[in-house]
>>> print(open('entry00.cif').read())   # mmCIF, C-alpha atoms
data_coords
#
loop_
_atom_site.label_atom_id
_atom_site.label_comp_id
_atom_site.auth_asym_id
_atom_site.auth_seq_id
_atom_site.Cartn_x
_atom_site.Cartn_y
_atom_site.Cartn_z
CA MET A 19 0.00 0.00 0.00
CA ARG A 20 1.10 3.58 -0.60
CA GLU A 21 1.97 5.91 2.25
CA SER A 22 -0.72 8.37 3.24
CA LEU A 23 -1.03 11.37 5.51
CA PHE A 24 -3.55 11.17 8.37
CA ILE A 25 -4.64 13.60 11.09
CA PHE A 26 -6.95 12.96 14.00
CA GLY A 27 -7.73 14.81 17.19
CA VAL A 28 -10.08 17.26 18.87
CA ASN A 29 -10.46 21.01 18.57
CA HIS A 30 -12.55 23.91 19.85
CA ARG A 31 -15.44 22.95 17.56
CA THR A 32 -15.73 19.31 18.61
CA ALA A 33 -14.67 19.34 22.26
CA PRO A 34 -15.16 21.78 25.14
CA VAL A 35 -12.15 23.07 27.02
CA ALA A 36 -12.90 20.57 29.81
CA VAL A 37 -11.98 17.78 27.37
CA ARG A 38 -9.16 19.57 25.56
CA GLU A 39 -7.32 20.43 28.74
CA ARG A 40 -7.15 16.75 29.74
CA LEU A 41 -5.48 15.83 26.45
CA ALA A 42 -3.20 18.87 26.12
CA TYR A 43 0.59 18.57 26.37
CA PRO A 44 2.84 21.22 27.91
CA GLU A 45 5.35 22.39 25.34
CA GLY A 46 8.30 20.93 27.21
CA GLU A 47 6.83 17.40 27.18
CA ILE A 48 6.06 17.01 23.48
CA VAL A 49 9.45 15.78 22.23
CA ALA A 50 9.50 12.98 24.81
CA ALA A 51 5.85 12.18 24.07
CA LEU A 52 6.63 11.80 20.37
CA ALA A 53 9.33 9.25 21.17
CA ARG A 54 6.85 7.27 23.27
CA LEU A 55 4.19 7.52 20.56
CA LYS A 56 6.56 6.26 17.86
CA GLU A 57 7.38 3.25 20.01
CA ALA A 58 3.74 2.55 20.85
CA ALA A 59 2.47 2.85 17.25
CA PRO A 60 4.61 0.68 14.93
CA THR A 61 2.40 1.33 11.88
CA ILE A 62 3.17 5.07 11.99
CA ASP A 63 6.30 5.90 9.98
CA GLU A 64 6.39 9.65 10.73
CA VAL A 65 4.49 11.62 13.36
CA ALA A 66 3.99 15.10 14.83
CA LEU A 67 1.90 16.33 17.75
CA ILE A 68 0.07 19.67 17.68
CA SER A 69 -1.12 20.85 21.10
CA THR A 70 -2.54 24.37 21.51
CA CYS A 71 -5.32 25.92 23.56
CA ASN A 72 -7.72 25.18 20.69
CA ARG A 73 -6.62 21.75 19.45
CA VAL A 74 -4.78 18.52 20.20
CA GLU A 75 -3.95 16.64 17.00
CA ILE A 76 -1.73 13.76 15.98
CA MET A 77 -0.48 13.97 12.42
CA GLY A 78 1.28 11.03 10.85
CA VAL A 79 2.34 9.12 7.77
CA THR A 80 1.40 5.47 7.41
CA THR A 81 0.41 2.74 4.97
CA ALA A 82 -2.36 1.59 7.32
CA PRO A 83 -4.30 4.70 8.46
CA ASP A 84 -7.12 2.89 10.26
CA ARG A 85 -4.76 0.78 12.34
CA ALA A 86 -2.47 3.77 12.92
CA GLN A 87 -5.37 5.79 14.32
CA THR A 88 -6.31 2.97 16.69
CA GLU A 89 -2.72 2.78 17.95
CA ALA A 90 -2.48 6.55 18.34
CA THR A 91 -5.86 6.78 20.12
CA ASP A 92 -4.81 4.08 22.58
CA PHE A 93 -1.55 5.91 23.15
CA LEU A 94 -3.24 9.26 23.74
CA ALA A 95 -5.66 7.76 26.24
CA GLY A 96 -2.94 5.92 28.13
CA ASP A 97 -0.35 8.68 28.00
CA ARG A 98 -2.75 11.36 29.26
CA GLY A 99 -4.53 9.05 31.71
CA VAL A 100 -7.92 9.67 30.08
CA ASP A 101 -10.44 6.96 29.23
CA ALA A 102 -10.86 6.94 25.43
CA THR A 103 -14.64 7.03 25.81
CA ALA A 104 -14.30 10.51 27.34
CA PHE A 105 -13.01 12.02 24.10
CA ALA A 106 -13.95 9.50 21.39
CA PRO A 107 -17.21 11.32 20.46
CA ALA A 108 -15.23 14.52 19.86
CA LEU A 109 -12.57 12.93 17.65
CA TYR A 110 -12.36 13.79 13.96
CA THR A 111 -10.26 11.99 11.38
CA HIS A 112 -8.73 13.12 8.09
CA GLN A 113 -6.93 10.84 5.65
CA ALA A 114 -5.07 11.42 2.38
CA ARG A 115 -6.41 14.49 0.57
CA SER A 116 -8.63 15.48 3.49
CA ALA A 117 -5.62 15.40 5.85
CA VAL A 118 -3.51 17.60 3.56
CA ARG A 119 -6.35 20.08 3.20
CA HIS A 120 -6.92 20.16 6.95
CA LEU A 121 -3.23 20.88 7.63
CA PHE A 122 -3.15 23.70 5.08
CA ARG A 123 -6.37 25.20 6.47
CA VAL A 124 -4.98 25.09 10.01
CA GLY A 125 -1.77 26.81 8.89
CA ALA A 126 -3.74 29.48 7.04
CA SER A 127 -5.85 30.00 10.22
CA LEU A 128 -9.04 28.99 8.41
CA ASP A 129 -9.76 26.40 11.11
CA SER A 130 -8.98 28.71 14.03
CA MET A 131 -11.42 30.03 16.61
CA VAL A 132 -10.53 33.43 15.16
CA VAL A 133 -10.25 33.18 11.38
CA GLY A 134 -7.08 34.94 10.29
CA GLU A 135 -5.34 35.01 13.67
CA PRO A 136 -1.55 34.77 13.23
CA GLN A 137 -0.61 32.75 16.34
CA ILE A 138 -1.48 29.33 14.88
CA LEU A 139 1.26 29.54 12.25
CA GLY A 140 3.88 29.99 14.97
CA GLN A 141 2.37 27.09 16.90
CA LEU A 142 2.48 24.91 13.79
CA LYS A 143 6.13 25.81 13.20
CA ASN A 144 6.82 24.88 16.80
CA ALA A 145 5.12 21.49 16.35
CA TYR A 146 7.26 20.85 13.27
CA ALA A 147 10.46 21.81 15.13
CA GLN A 148 9.54 19.44 17.97
CA ALA A 149 8.96 16.55 15.55
CA ALA A 150 12.28 17.30 13.86
CA THR A 151 14.03 17.34 17.25
CA ALA A 152 12.38 14.05 18.23
CA GLY A 153 13.45 12.52 14.89
CA THR A 154 9.86 11.57 14.03
CA ALA A 155 9.50 13.85 10.98
CA GLY A 156 10.63 12.31 7.69
CA LEU A 157 10.48 13.30 4.04
CA VAL A 158 6.68 13.55 3.81
CA LEU A 159 6.13 15.55 7.01
CA HIS A 160 9.04 17.86 6.22
CA ARG A 161 7.47 18.63 2.86
CA ALA A 162 3.91 18.84 4.25
CA PHE A 163 4.81 21.33 6.99
CA HIS A 164 6.90 23.53 4.72
CA LYS A 165 4.11 23.53 2.15
CA ALA A 166 1.64 24.51 4.88
CA PHE A 167 3.89 27.43 5.82
CA SER A 168 4.10 28.63 2.22
CA VAL A 169 0.32 28.29 1.78
CA ALA A 170 -0.24 30.42 4.88
CA LYS A 171 2.13 33.06 3.50
CA ARG A 172 0.37 33.06 0.15
CA VAL A 173 -3.05 33.40 1.80
CA ARG A 174 -1.81 36.35 3.87
CA LYS A 175 -0.49 38.12 0.78
CA ALA A 176 -3.45 37.40 -1.51
CA THR A 177 -6.32 38.10 0.90
CA LEU A 178 -7.32 40.43 3.72
CA ILE A 179 -7.96 37.51 6.06
CA GLY A 180 -5.63 38.97 8.69
CA HIS A 181 -7.03 42.48 8.41
CA GLY A 182 -8.17 44.08 11.65
CA SER A 183 -7.48 43.18 15.27
CA VAL A 184 -9.93 40.34 15.85
CA SER A 185 -8.34 37.80 18.22
CA VAL A 186 -9.02 36.01 21.48
CA SER A 187 -6.89 38.53 23.34
CA SER A 188 -8.60 41.53 21.72
CA ALA A 189 -11.99 39.98 22.48
CA ALA A 190 -11.00 39.61 26.12
CA VAL A 191 -9.84 43.21 26.28
CA GLY A 192 -13.07 44.33 24.61
CA LEU A 193 -15.03 42.64 27.40
CA ALA A 194 -12.86 44.32 30.03
CA ALA A 195 -13.68 47.69 28.47
CA LYS A 196 -17.39 46.88 28.79
CA ILE A 197 -17.15 45.79 32.42
CA PHE A 198 -15.21 48.88 33.51
CA ASP A 199 -16.03 52.47 32.59
CA THR A 200 -12.32 53.16 32.17
CA LEU A 201 -9.13 51.09 32.38
CA THR A 202 -6.71 53.94 33.04
CA ASP A 203 -7.00 53.56 36.82
CA LYS A 204 -7.12 49.76 36.85
CA THR A 205 -4.39 47.29 37.83
CA VAL A 206 -3.73 44.19 35.71
CA LEU A 207 -2.04 41.03 37.02
CA LEU A 208 -0.57 38.86 34.29
CA ILE A 209 0.03 35.23 35.36
CA GLY A 210 2.35 33.89 32.67
CA ALA A 211 4.70 35.68 30.31
CA GLY A 212 4.11 33.87 27.02
CA GLN A 213 3.01 35.21 23.65
CA MET A 214 -0.75 35.14 24.33
CA ALA A 215 -0.30 36.88 27.69
CA GLU A 216 1.89 39.52 26.08
CA LEU A 217 -0.65 40.19 23.32
CA THR A 218 -3.43 40.62 25.89
CA ALA A 219 -1.29 42.92 27.99
CA ARG A 220 -0.39 45.06 25.00
CA ASN A 221 -4.07 45.41 24.08
CA LEU A 222 -4.87 46.43 27.64
CA LYS A 223 -2.06 48.99 27.58
CA ARG A 224 -3.50 50.47 24.39
CA LEU A 225 -6.76 51.07 26.26
CA GLY A 226 -4.96 53.03 28.93
CA VAL A 227 -3.88 50.53 31.60
CA GLN A 228 -1.02 52.06 33.60
CA SER A 229 -0.43 49.53 36.37
CA LEU A 230 0.75 46.13 35.15
CA LEU A 231 2.01 43.31 37.41
CA ILE A 232 3.64 40.28 35.77
CA THR A 233 4.46 36.92 37.30
CA SER A 234 5.84 33.74 35.75
CA ARG A 235 7.29 30.47 36.97
CA THR A 236 10.54 31.65 35.37
CA PHE A 237 11.15 34.97 37.07
CA ASP A 238 13.59 36.11 34.36
CA ASN A 239 10.76 35.88 31.80
CA ALA A 240 8.56 38.05 34.00
CA VAL A 241 11.36 40.58 34.36
CA ALA A 242 12.00 40.66 30.58
CA LEU A 243 8.32 41.21 29.77
CA ALA A 244 7.96 43.82 32.53
CA ARG A 245 10.79 45.79 30.96
CA LYS A 246 9.14 45.66 27.53
CA LEU A 247 5.73 46.73 28.82
CA ASP A 248 6.80 49.09 31.61
CA GLY A 249 5.36 46.80 34.25
CA THR A 250 6.47 45.28 37.55
CA ALA A 251 7.74 41.70 37.90
CA VAL A 252 6.43 39.64 40.83
CA PRO A 253 7.90 36.30 42.01
CA PHE A 254 5.54 33.42 41.18
CA ASP A 255 5.71 32.02 44.72
CA ASN A 256 4.56 35.35 46.10
CA PHE A 257 1.94 36.65 43.65
CA ARG A 258 -1.15 35.88 45.75
CA PRO A 259 -0.89 38.94 48.04
CA TYR A 260 -1.11 41.06 44.88
CA LEU A 261 -4.47 39.58 43.86
CA LYS A 262 -6.31 42.09 46.07
CA LEU A 263 -4.79 44.89 43.94
CA ALA A 264 -5.78 43.41 40.59
CA ASP A 265 -8.92 44.55 38.78
CA VAL A 266 -8.06 42.35 35.79
CA VAL A 267 -6.33 38.95 36.21
CA VAL A 268 -5.04 37.21 33.08
CA GLY A 269 -4.10 33.52 33.34
CA SER A 270 -1.82 32.14 30.65
CA VAL A 271 0.52 29.71 32.35
CA ALA A 272 1.04 25.96 31.78
CA ALA A 273 -0.52 24.22 34.77
CA ALA A 274 -1.93 20.75 35.36
CA ALA A 275 -4.43 22.11 37.90
CA PRO A 276 -6.07 25.50 38.46
CA VAL A 277 -3.70 28.12 39.86
CA ILE A 278 -6.51 30.00 41.63
CA GLY A 279 -9.54 28.43 43.33
CA PRO A 280 -12.72 29.85 44.91
CA GLU A 281 -11.73 29.18 48.53
CA GLU A 282 -8.68 31.45 48.52
CA PHE A 283 -10.34 34.03 46.27
CA GLU A 284 -13.28 34.63 48.62
CA GLY A 285 -10.87 36.35 51.00
CA VAL A 286 -9.45 38.41 48.12
CA ILE A 287 -12.93 39.66 47.21
CA ARG A 288 -13.65 40.65 50.78
CA GLU A 289 -10.35 42.57 50.96
CA ARG A 290 -11.33 44.36 47.76
CA ARG A 291 -14.70 45.23 49.35
CA TYR A 292 -16.37 43.38 46.48
CA ARG A 293 -15.09 45.69 43.77
CA PRO A 294 -15.43 43.89 40.35
CA VAL A 295 -12.68 41.57 39.17
CA PHE A 296 -12.44 40.50 35.52
CA MET A 297 -10.61 37.19 35.07
CA ILE A 298 -9.40 36.15 31.62
CA ASP A 299 -8.41 32.47 31.48
CA LEU A 300 -6.32 31.79 28.37
CA GLY A 301 -4.86 28.54 29.71
CA VAL A 302 -5.50 25.00 28.51
CA PRO A 303 -5.62 23.31 30.99
CA ARG A 304 -7.54 26.16 32.62
CA ASN A 305 -5.72 28.36 35.11
CA PHE A 306 -8.78 29.43 37.08
CA ASP A 307 -11.34 27.16 38.75
CA GLN A 308 -14.68 27.63 36.97
CA ARG A 309 -16.44 27.91 40.34
CA LEU A 310 -14.93 31.40 40.66
CA ASN A 311 -17.73 32.58 38.39
CA ALA A 312 -20.20 32.02 41.23
CA LEU A 313 -18.46 34.58 43.47
CA GLU A 314 -19.99 38.03 43.76
CA ASN A 315 -18.59 40.56 41.27
CA VAL A 316 -16.18 38.04 39.71
CA TYR A 317 -16.45 37.85 35.92
CA LEU A 318 -14.59 34.81 34.61
CA TYR A 319 -14.20 34.04 30.91
CA ASP A 320 -12.28 31.03 29.60
CA ILE A 321 -11.07 30.35 26.07
CA ASP A 322 -14.43 28.94 24.95
CA ASP A 323 -16.43 31.82 26.39
CA LEU A 324 -14.34 34.25 24.39
CA SER A 325 -15.18 32.45 21.14
CA THR A 326 -18.74 33.78 21.32
CA VAL A 327 -17.45 37.33 21.45
CA VAL A 328 -15.05 36.65 18.60
CA ARG A 329 -17.73 35.29 16.27
CA GLU A 330 -19.59 38.60 16.43
CA SER A 331 -16.65 40.42 14.83
CA ILE A 332 -15.40 38.19 12.02
CA GLY A 333 -17.84 38.84 9.18
CA ASP A 334 -15.27 40.54 6.95
CA ARG A 335 -12.69 37.85 7.56
CA GLU A 336 -15.18 35.12 6.71
CA ARG A 337 -15.72 36.70 3.29
CA GLU A 338 -11.95 36.78 2.71
CA ALA A 339 -11.78 33.19 3.88
CA GLU A 340 -13.68 32.10 0.77
CA LYS A 341 -10.79 33.35 -1.37
CA ALA A 342 -8.33 31.62 0.93
CA GLU A 343 -10.16 28.29 0.57
CA GLY A 344 -9.61 28.43 -3.20
CA ILE A 345 -5.87 28.95 -2.68
CA VAL A 346 -5.75 26.04 -0.26
CA ASP A 347 -7.47 23.68 -2.72
CA LEU A 348 -4.96 24.52 -5.47
CA GLU A 349 -2.03 23.92 -3.14
CA VAL A 350 -3.51 20.61 -1.98
CA ASP A 351 -3.52 19.41 -5.60
CA SER A 352 0.11 20.46 -5.94
CA PHE A 353 1.19 18.60 -2.80
CA LEU A 354 -0.70 15.42 -3.70
CA LYS A 355 0.91 15.42 -7.13
CA TRP A 356 4.31 15.54 -5.43
CA LEU A 357 3.27 12.75 -3.03
CA ASP A 358 2.09 10.57 -5.91
CA GLY A 359 5.40 11.26 -7.61
CA LEU A 360 7.22 9.67 -4.68
CA GLU A 361 5.32 6.45 -5.33
CA LEU A 362 6.38 6.57 -8.98
CA VAL A 363 10.10 7.19 -8.40
CA PRO A 364 11.31 3.53 -8.12
CA ALA A 365 9.24 2.39 -11.12
CA ILE A 366 10.27 5.44 -13.20
CA LYS A 367 13.95 4.73 -12.55
CA ASP A 368 13.48 1.12 -13.68
CA ILE A 369 11.51 2.18 -16.78
CA ARG A 370 14.17 4.71 -17.78
CA SER A 371 16.94 2.16 -17.23
CA SER A 372 15.11 -0.56 -19.20
CA VAL A 373 14.39 1.69 -22.20
CA GLU A 374 18.01 2.87 -22.27
CA GLN A 375 19.24 -0.72 -22.16
CA LEU A 376 16.90 -1.61 -25.03
CA ARG A 377 18.37 1.26 -27.04
CA GLU A 378 21.90 0.02 -26.36
CA LEU A 379 20.94 -3.55 -27.26
CA GLU A 380 19.50 -2.37 -30.57
CA LEU A 381 22.66 -0.44 -31.37
CA GLU A 382 24.73 -3.47 -30.40
CA ARG A 383 22.74 -5.61 -32.84
CA HIS A 384 23.86 -3.31 -35.67
CA ARG A 385 27.42 -2.79 -34.47
CA ALA A 386 28.93 -4.24 -37.65
CA TRP A 387 27.05 -1.73 -39.82
CA LEU A 388 27.77 1.15 -37.43
CA ALA A 389 31.45 0.32 -37.43
CA GLY A 390 31.59 1.15 -41.15
CA LEU A 391 30.30 4.67 -40.63
CA ALA A 392 32.38 7.77 -40.11
CA PRO A 393 32.74 8.85 -36.45
CA GLY A 394 30.52 11.90 -36.98
CA GLU A 395 27.73 9.79 -38.49
CA ARG A 396 27.90 7.26 -35.63
CA GLU A 397 27.66 10.16 -33.17
CA ARG A 398 24.57 11.56 -34.95
CA ILE A 399 22.84 8.18 -34.80
CA GLU A 400 23.67 7.92 -31.08
CA SER A 401 22.25 11.40 -30.54
CA MET A 402 19.14 10.67 -32.63
CA THR A 403 18.30 7.43 -30.78
CA ARG A 404 18.95 9.03 -27.40
CA GLY A 405 16.70 11.97 -28.27
CA LEU A 406 13.95 9.64 -29.46
CA VAL A 407 14.12 7.67 -26.21
CA ASN A 408 14.05 10.84 -24.09
CA LYS A 409 11.00 12.23 -25.90
CA LEU A 410 9.19 8.92 -25.58
CA LEU A 411 10.04 8.65 -21.88
CA HIS A 412 9.02 12.25 -21.23
CA ARG A 413 5.56 11.71 -22.69
CA ILE A 414 5.03 8.41 -20.90
CA LEU A 415 6.28 9.61 -17.51
CA SER A 416 4.44 12.93 -17.70
CA GLY A 417 1.24 11.05 -18.41
CA LEU A 418 1.81 8.79 -15.42
CA ARG A 419 2.54 11.71 -13.09
CA ASP A 420 -0.34 13.90 -14.26
CA GLY A 421 -2.92 11.14 -14.62
CA ARG A 422 -3.43 11.92 -18.29
CA ALA A 423 -4.86 9.56 -20.87
CA GLY A 424 -7.52 8.39 -18.42
CA ILE A 425 -5.03 6.55 -16.19
CA PRO A 426 -6.61 6.58 -12.70
CA ASP A 427 -3.63 5.09 -10.89
CA GLY A 428 -0.25 6.14 -12.20
CA VAL A 429 1.63 3.93 -9.72
CA HIS A 430 -0.19 0.79 -10.90
CA ALA A 431 0.32 1.70 -14.57
CA ALA A 432 4.01 2.43 -13.98
CA GLU A 433 4.48 -0.93 -12.31
CA ILE A 434 2.87 -2.71 -15.27
CA ALA A 435 5.13 -0.80 -17.67
CA ARG A 436 8.17 -1.65 -15.57
CA ARG A 437 7.39 -5.37 -15.63
CA LEU A 438 6.62 -5.42 -19.36
CA LEU A 439 9.87 -3.63 -20.15
CA SER A 440 11.84 -5.97 -17.89
CA THR A 441 10.34 -8.93 -19.72
CA GLU A 442 11.06 -7.33 -23.10
CA LEU A 443 14.62 -6.62 -22.03
CA ALA A 444 15.16 -10.25 -21.09
CA ILE A 445 13.76 -11.36 -24.47
CA GLU A 446 15.83 -8.86 -26.42
CA GLY A 447 18.94 -9.75 -24.45
CA GLY A 448 18.42 -13.42 -25.25
CA ALA A 449 17.79 -12.64 -28.91
CA LEU A 450 21.02 -10.67 -29.06
CA ILE A 451 22.95 -13.62 -27.64
CA ASP A 452 21.36 -15.89 -30.27
CA ASP A 453 22.27 -13.39 -32.99
CA ASP A 454 25.86 -13.35 -31.76
CA ARG A 455 26.01 -17.13 -31.89
CA ASP A 456 24.69 -17.11 -35.46
CA GLU A 457 27.35 -14.65 -36.51
CA ASP A 458 30.07 -16.80 -34.90
CA ASP A 459 28.71 -19.91 -36.69
CA ASP A 460 28.83 -18.11 -40.03
CA LEU A 461 32.46 -17.29 -39.38
#
>>> encode(input="entry00.cif", output="structure tokens")
Amino acid sequence: MRESLFIFGVNHRTAPVAVRERLAYPEGEIVAALARLKEAAPTIDEVALISTCNRVEIMGVTTAPDRAQTEATDFLAGDRGVDATAFAPALYTHQARSAVRHLFRVGASLDSMVVGEPQILGQLKNAYAQAATAGTAGLVLHRAFHKAFSVAKRVRKATLIGHGSVSVSSAAVGLAAKIFDTLTDKTVLLIGAGQMAELTARNLKRLGVQSLLITSRTFDNAVALARKLDGTAVPFDNFRPYLKLADVVVGSVAAAAPVIGPEEFEGVIRERRYRPVFMIDLGVPRNFDQRLNALENVYLYDIDDLSTVVRESIGDREREAEKAEGIVDLEVDSFLKWLDGLELVPAIKDIRSSVEQLRELELERHRAWLAGLAPGERERIESMTRGLVNKLLHRILSGLRDGRAGIPDGVHAAEIARRLLSTELAIEGGALIDDDRDEDDDL
């Protein structure tokens, strides 16, 4: 069987954050997880793992996609300690053309919660780098990822899909502006110093926020971001006393369990004399216990809640997305043609070699006549026969690659041609030996 690309997983459309957070991998664990996955799934030849706040996907190359998915599903359940029945209804599967199209759409941010958001491309590049580091990305995945990157670039240049500032972070900031009359006198506590947290903080600063506190498990990261945004770094082990100062709390840190729960936050609310607190949870797994929403004057929004706000503002991008879909479809055809070409390579090499050997055998049969010609004439005959062979091969091989002449399966047709030519070569070779014996007998 030929190798095929497959992708399966869950995303923000098929699974709530409560499911996604149980399957998500922290960035630092993915390379090791890929090594375990490769060992646990022998039918998967190449594999990558994409884990973001909106999706957890396994992307691989195999000759047995159905069996590969079963192996990968069992691995995911066991590795994350989640019963497969908990996420099986939310799983989607893409194979062959559908898988290529899905990858390109993800890279072009057509499958994102916010159509046109730029973060997914960086996350995809990170997933590719992790697979390369783990040694689980081979020829097909290398090509597929790089093609996805070029498709995303082409979509950005040819459409206005990224026009405007519609994103999860801007949606969160928009809600903050609605909750508070003004943000200029408000204090923001940023828990985490990653890209999403930085984007949210920058949007808040644009709306007038002056007081910005930043904490991170790596204190140096908090210090670096505080310098960029004119904020104050706070040690992660000592950020809780600052909660009473924060009007807006943004959670964007990798954590297996909630960083803030309702029990400790009740005291914070009392100290604040029940002044409103807006909590933006960008983490998957979630940083803030969902029960916080039940506390008086606490407004908690997680990544799924923000999607509703986002959908209200993406009309223009959706129209541009139609143009982007056309670009994706063209690029899918291009990639699949290349992938089919890989299947043809061994047979094409044999066909070319066999035809060239047949040409040489034919010239050898007439060596006595050729020997009587002038060197220039012999050279012209060599050139003429070589040119004839090359033209013939070009037409045959182009037809096999492009599926012309009504050939539905170029690989199968190429294999038939290879076998026929091998048989013909054996016959011609035997005939030449017989001819040589006849000549010797005549002598």
>>> resolve_selection(input="entry00.cif", expression="the PyMOL selection byres ((chain A and resi 126) around 7)", output="VMD selection string")
chain A and resid 122 to 125 127 to 128 169 to 170 173
>>> write_last_selection(input="entry00.cif", atoms="C-alpha atoms", output="mmCIF file, keeping the file's coordinate frame")
data_model
loop_
_atom_site.group_PDB
_atom_site.id
_atom_site.type_symbol
_atom_site.label_atom_id
_atom_site.label_comp_id
_atom_site.auth_asym_id
_atom_site.auth_seq_id
_atom_site.Cartn_x
_atom_site.Cartn_y
_atom_site.Cartn_z
ATOM 1 C CA PHE A 122 -3.150 23.700 5.080
ATOM 2 C CA ARG A 123 -6.370 25.200 6.470
ATOM 3 C CA VAL A 124 -4.980 25.090 10.010
ATOM 4 C CA GLY A 125 -1.770 26.810 8.890
ATOM 5 C CA SER A 127 -5.850 30.000 10.220
ATOM 6 C CA LEU A 128 -9.040 28.990 8.410
ATOM 7 C CA VAL A 169 0.320 28.290 1.780
ATOM 8 C CA ALA A 170 -0.240 30.420 4.880
ATOM 9 C CA VAL A 173 -3.050 33.400 1.800
#
>>> resolve_selection(input="entry00.cif", expression="the PyMOL selection byres ((chain A and resi 27) around 12)", output="VMD selection string")
chain A and resid 24 to 26 28 to 33 37 to 38 41 to 42 66 to 70 72 to 78 87 to 88 90 to 91 94 to 95 102 105 to 112 117 120
>>> residues_around(input="entry00.cif", residues="segment 225-233 of chain A", least_positions_apart="2", cutoff="6 Å", atoms="all atoms listed in the file", output="list in words")
Leu201, Thr202, Thr205, Val206, Leu207, Leu208, Ile209, Gly210, Leu222, Lys223, Ala240, Gly249, Thr250, Ala251, Val252, Pro253 and Phe254 of chain A
>>> write_last_selection(input="entry00.cif", atoms="C-alpha atoms", output="PDB file, in the coordinates of the input")
ATOM      1  CA  LEU A 201      -9.130  51.090  32.380  1.00  0.00           C
ATOM      2  CA  THR A 202      -6.710  53.940  33.040  1.00  0.00           C
ATOM      3  CA  THR A 205      -4.390  47.290  37.830  1.00  0.00           C
ATOM      4  CA  VAL A 206      -3.730  44.190  35.710  1.00  0.00           C
ATOM      5  CA  LEU A 207      -2.040  41.030  37.020  1.00  0.00           C
ATOM      6  CA  LEU A 208      -0.570  38.860  34.290  1.00  0.00           C
ATOM      7  CA  ILE A 209       0.030  35.230  35.360  1.00  0.00           C
ATOM      8  CA  GLY A 210       2.350  33.890  32.670  1.00  0.00           C
ATOM      9  CA  LEU A 222      -4.870  46.430  27.640  1.00  0.00           C
ATOM     10  CA  LYS A 223      -2.060  48.990  27.580  1.00  0.00           C
ATOM     11  CA  ALA A 240       8.560  38.050  34.000  1.00  0.00           C
ATOM     12  CA  GLY A 249       5.360  46.800  34.250  1.00  0.00           C
ATOM     13  CA  THR A 250       6.470  45.280  37.550  1.00  0.00           C
ATOM     14  CA  ALA A 251       7.740  41.700  37.900  1.00  0.00           C
ATOM     15  CA  VAL A 252       6.430  39.640  40.830  1.00  0.00           C
ATOM     16  CA  PRO A 253       7.900  36.300  42.010  1.00  0.00           C
ATOM     17  CA  PHE A 254       5.540  33.420  41.180  1.00  0.00           C
TER      18      PHE A 254
END
>>> closest_residue(input="entry00.cif", among="A:Leu381, A:Ala211, A:Leu318, A:Ile369", to="Leu247 of chain A", atoms="only C-alpha atoms")
A:Ala211
>>> resolve_selection(input="entry00.cif", expression="the PyMOL selection byres ((chain A and resi 407) around 12)", output="JSON list (two decimals) with C-alpha atoms, keeping the file's coordinate frame")
[["chain", "number", "residue", "atom", "x", "y", "z"],
["A", 369, "ILE", "CA", 11.51, 2.18, -16.78],
["A", 370, "ARG", "CA", 14.17, 4.71, -17.78],
["A", 371, "SER", "CA", 16.94, 2.16, -17.23],
["A", 372, "SER", "CA", 15.11, -0.56, -19.20],
["A", 373, "VAL", "CA", 14.39, 1.69, -22.20],
["A", 374, "GLU", "CA", 18.01, 2.87, -22.27],
["A", 375, "GLN", "CA", 19.24, -0.72, -22.16],
["A", 376, "LEU", "CA", 16.90, -1.61, -25.03],
["A", 377, "ARG", "CA", 18.37, 1.26, -27.04],
["A", 378, "GLU", "CA", 21.90, 0.02, -26.36],
["A", 400, "GLU", "CA", 23.67, 7.92, -31.08],
["A", 401, "SER", "CA", 22.25, 11.40, -30.54],
["A", 402, "MET", "CA", 19.14, 10.67, -32.63],
["A", 403, "THR", "CA", 18.30, 7.43, -30.78],
["A", 404, "ARG", "CA", 18.95, 9.03, -27.40],
["A", 405, "GLY", "CA", 16.70, 11.97, -28.27],
["A", 406, "LEU", "CA", 13.95, 9.64, -29.46],
["A", 408, "ASN", "CA", 14.05, 10.84, -24.09],
["A", 409, "LYS", "CA", 11.00, 12.23, -25.90],
["A", 410, "LEU", "CA", 9.19, 8.92, -25.58],
["A", 411, "LEU", "CA", 10.04, 8.65, -21.88],
["A", 412, "HIS", "CA", 9.02, 12.25, -21.23],
["A", 413, "ARG", "CA", 5.56, 11.71, -22.69],
["A", 414, "ILE", "CA", 5.03, 8.41, -20.90],
["A", 415, "LEU", "CA", 6.28, 9.61, -17.51]]
>>> atom_distance(input="entry00.cif", atom1="atom CA of Ile48 of chain A", atom2="atom CA of Gln308 of chain A")
26.9 Å
>>> atom_distance(input="entry00.cif", atom1="atom CA of Leu354 of chain A", atom2="atom CA of His160 of chain A")
14.1 Å
